[in-house]
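A.B. asks: Okay, handing you the structure first.
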Amino acid sequence: MKNATSSWIRIPVIFFIIFGLMEYFIDSGDMPAIIKYPAAQFFMLMVLFLLIAIEMILQSVENVMYQTLSEEAKMRYGSAKSKSWEWTWGKNVYKKLLGSKPIEAEGEIILDHNYDGIRELDNKLPPWWVYMFYATIIFGVVYLVRFHVFNGYDQDQEYAQDVAAARLEIEAYKKTAKGLVDANTVELLTDASDLNAGKGIYETNCVACHMVDGGGGIGPNLADQYWILGGGIKNVFHTISEGGRDGKGMVAWKQNLKPLEMAQVASYVLQFQGTAPANPKTAEGDVWVDENTGQETAPQKVPDSTAVAKDSTTVVLK
């Protein structure tokens, strides 16, 4: 009887095997199951206590049975248990791969050369080295046929494919990551939490120029269908980020607001469309039509109030 593995090795090994199986079979998303589910912590604690209890019981049973043995049996038991465990199969494989002769058999491979008493052994190459050399030959033949005979893809093509795939993944990630949006990827936010956040940003930074109801003051009216730099979420986001017209437009807010905050306030601003401000400012810019609607996209000019007045005066005079 050979000495078995110590309990201080068995308990951790079995414990971590059970832990790994639990993590594998329990779907806990991005978090480990033992962190996400408190019941998993309790389960693993019970497993640990159970393993320790089993080891203690086995040790107690072994001690009781040992006391029932005769003196001769105790000696045989102790001698068998003291034998160290050996990995015979592993040792045999190691010797075969090494291929070296034992010292007792070196006389069979001694060469006739003798240099000042130094004898040379005719050792063969180790089998592991020979096998590896054969493997490189096979690999070289397969590589030659695959990439030079059948014109397989090369490193440049593989790199280009990986870069293209990475770009697609980045674009897909940007569509779901609100904090990484820009004027090209921003989408209209409709969640109440986003609109409330946009309202807070608007009331803090925009009311002075556009009024609380979006009717306009120093800045243009946000409730009508006329836009100086284009309407829609992408144009409004770009205007907030980069600023208005040079010299007289709104300042750029990209240094003060994060992309998500600009998307939130842009979405909130578009909520003013179609509302009736208390004191709406005269329309500025052109009528903006969304290109995705399929309607005519040609901008319509704002009627000239001066020309209207002249025409009406002419009619009266007539």
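As shown in the structure tokens, the chain order sets the letters A, B, ...; within each chain, residues go from 1, and ligands are also counted from 1 in the order they appear.
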List the neighbours of Ser193 in chain A out to 12 Å using only C-alpha atoms; skip same-chain residues closer than 3 positions along the sequence, and give me the result as JSON, numbers by chain.
C.D. replies: {"A": [189, 190, 196, 197, 198, 199, 200, 261, 264, 265, 267, 268]}
A.B. asks: Could you pull the residues within 12 Å of Thr185 in chain A, counting only C-alpha atoms, minus those fewer than 2 positions along the same chain, as an mmCIF file with C-alpha atoms, in the first residue's frame?
C.D. replies:
data_model
loop_
_atom_site.group_PDB
_atom_site.id
_atom_site.type_symbol
_atom_site.label_atom_id
_atom_site.label_comp_id
_atom_site.auth_asym_id
_atom_site.auth_seq_id
_atom_site.Cartn_x
_atom_site.Cartn_y
_atom_site.Cartn_z
ATOM 1 C CA ILE A 170 -15.815 49.255 -33.058
ATOM 2 C CA GLU A 171 -18.706 50.700 -35.058
ATOM 3 C CA ALA A 172 -21.113 48.187 -33.526
ATOM 4 C CA TYR A 173 -19.815 49.045 -30.069
ATOM 5 C CA LYS A 174 -20.195 52.770 -30.687
ATOM 6 C CA LYS A 175 -23.855 52.273 -31.559
ATOM 7 C CA THR A 176 -24.539 50.813 -28.127
ATOM 8 C CA ALA A 177 -22.045 52.889 -26.125
ATOM 9 C CA LYS A 178 -23.715 56.228 -25.523
ATOM 10 C CA GLY A 179 -20.535 57.762 -24.166
ATOM 11 C CA LEU A 180 -18.648 57.262 -27.454
ATOM 12 C CA VAL A 181 -21.142 58.807 -29.865
ATOM 13 C CA ASP A 182 -20.287 61.519 -32.359
ATOM 14 C CA ALA A 183 -22.237 63.470 -34.966
ATOM 15 C CA GLU A 187 -29.205 58.539 -32.239
ATOM 16 C CA LEU A 188 -32.255 60.261 -30.805
ATOM 17 C CA ILE A 233 -30.410 64.808 -33.994
ATOM 18 C CA LYS A 234 -27.151 64.630 -35.955
ATOM 19 C CA ASN A 235 -27.148 68.292 -37.023
ATOM 20 C CA PHE A 237 -25.534 67.390 -31.938
ATOM 21 C CA HIS A 238 -22.915 68.758 -34.359
ATOM 22 C CA PRO A 259 -20.628 63.176 -25.853
ATOM 23 C CA LEU A 260 -23.437 61.543 -23.882
ATOM 24 C CA ALA A 263 -26.677 63.692 -27.079
#
A.B. asks: Find the residues around Gln255 in chain A up to 12 Å (only C-alpha atoms counted), leave out those fewer than 5 positions away in its own chain, and share them as a PyMOL selection string.
C.D. replies: chain A and resi 240-243+261-262
A.B. asks: Write out as a list of chain:residue names which residues come within 7 Å of Asn221 in chain A when counting only C-alpha atoms, dropping same-chain ones fewer than 5 positions away.
C.D. replies: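 After dropping sequence-adjacent residues, the list is A:His210, A:Gly214, A:Gly215, A:Gly216, A:Pro280, A:Lys281, A:Ala283.
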A.B. asks: Name the residues of range 71-174 of chain A that fall into helix (DSSP H, G or I) according to DSSP on the backbone, using the chain letters and numbers of this document, as a ChimeraX atom specification.
C.D. replies: /A:71-81,88-98,103-109,127-149,155-174
A.B. asks: Excluding range 14-23 of chain A and residues on its chain fewer than 6 positions from it, collect all residues at most 9 Å away from it, counting only C-alpha atoms, and give them as a list of chain:residue names.
C.D. replies: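 Residues near the query, excluding close chain neighbours: A:Pro32, A:Ala33, A:Ile34, A:Ala40, A:Met44, A:Val47, A:Leu48, A:Leu51.
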A.B. asks: Have a look at A:Leu195, A:Ile201, A:Asn279, A:Asp246 and name the one nearest to Leu222 in chain A; count only C-alpha atoms.
C.D. replies: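 Comparing A:Leu195, A:Ile201, A:Asn279, A:Asp246 against Leu222 in chain A, the winner is A:Asn279.
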A.B. asks: Between CA of Ser7 in chain A and CA of Glu55 in chain A, what is the distance, to one decimal in Å?
C.D. replies: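 CA of Glu55 in chain A lies 6.8 Å from CA of Ser7 in chain A.
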A.B. asks: So the first atom is CA of Asp224 in chain A and the second is CA of Glu284 in chain A; what is the distance between them in Å, to one decimal place?
C.D. replies: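 That distance, rounded to one decimal, is 9.2 Å.
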A.B. asks: Report, in Å to a single decimal, how far apart CA of Gly219 in chain A and CA of Gly244 in chain A are.
C.D. replies: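 Spanning CA of Gly244 in chain A to CA of Gly219 in chain A is a straight-line distance of 10.1 Å.
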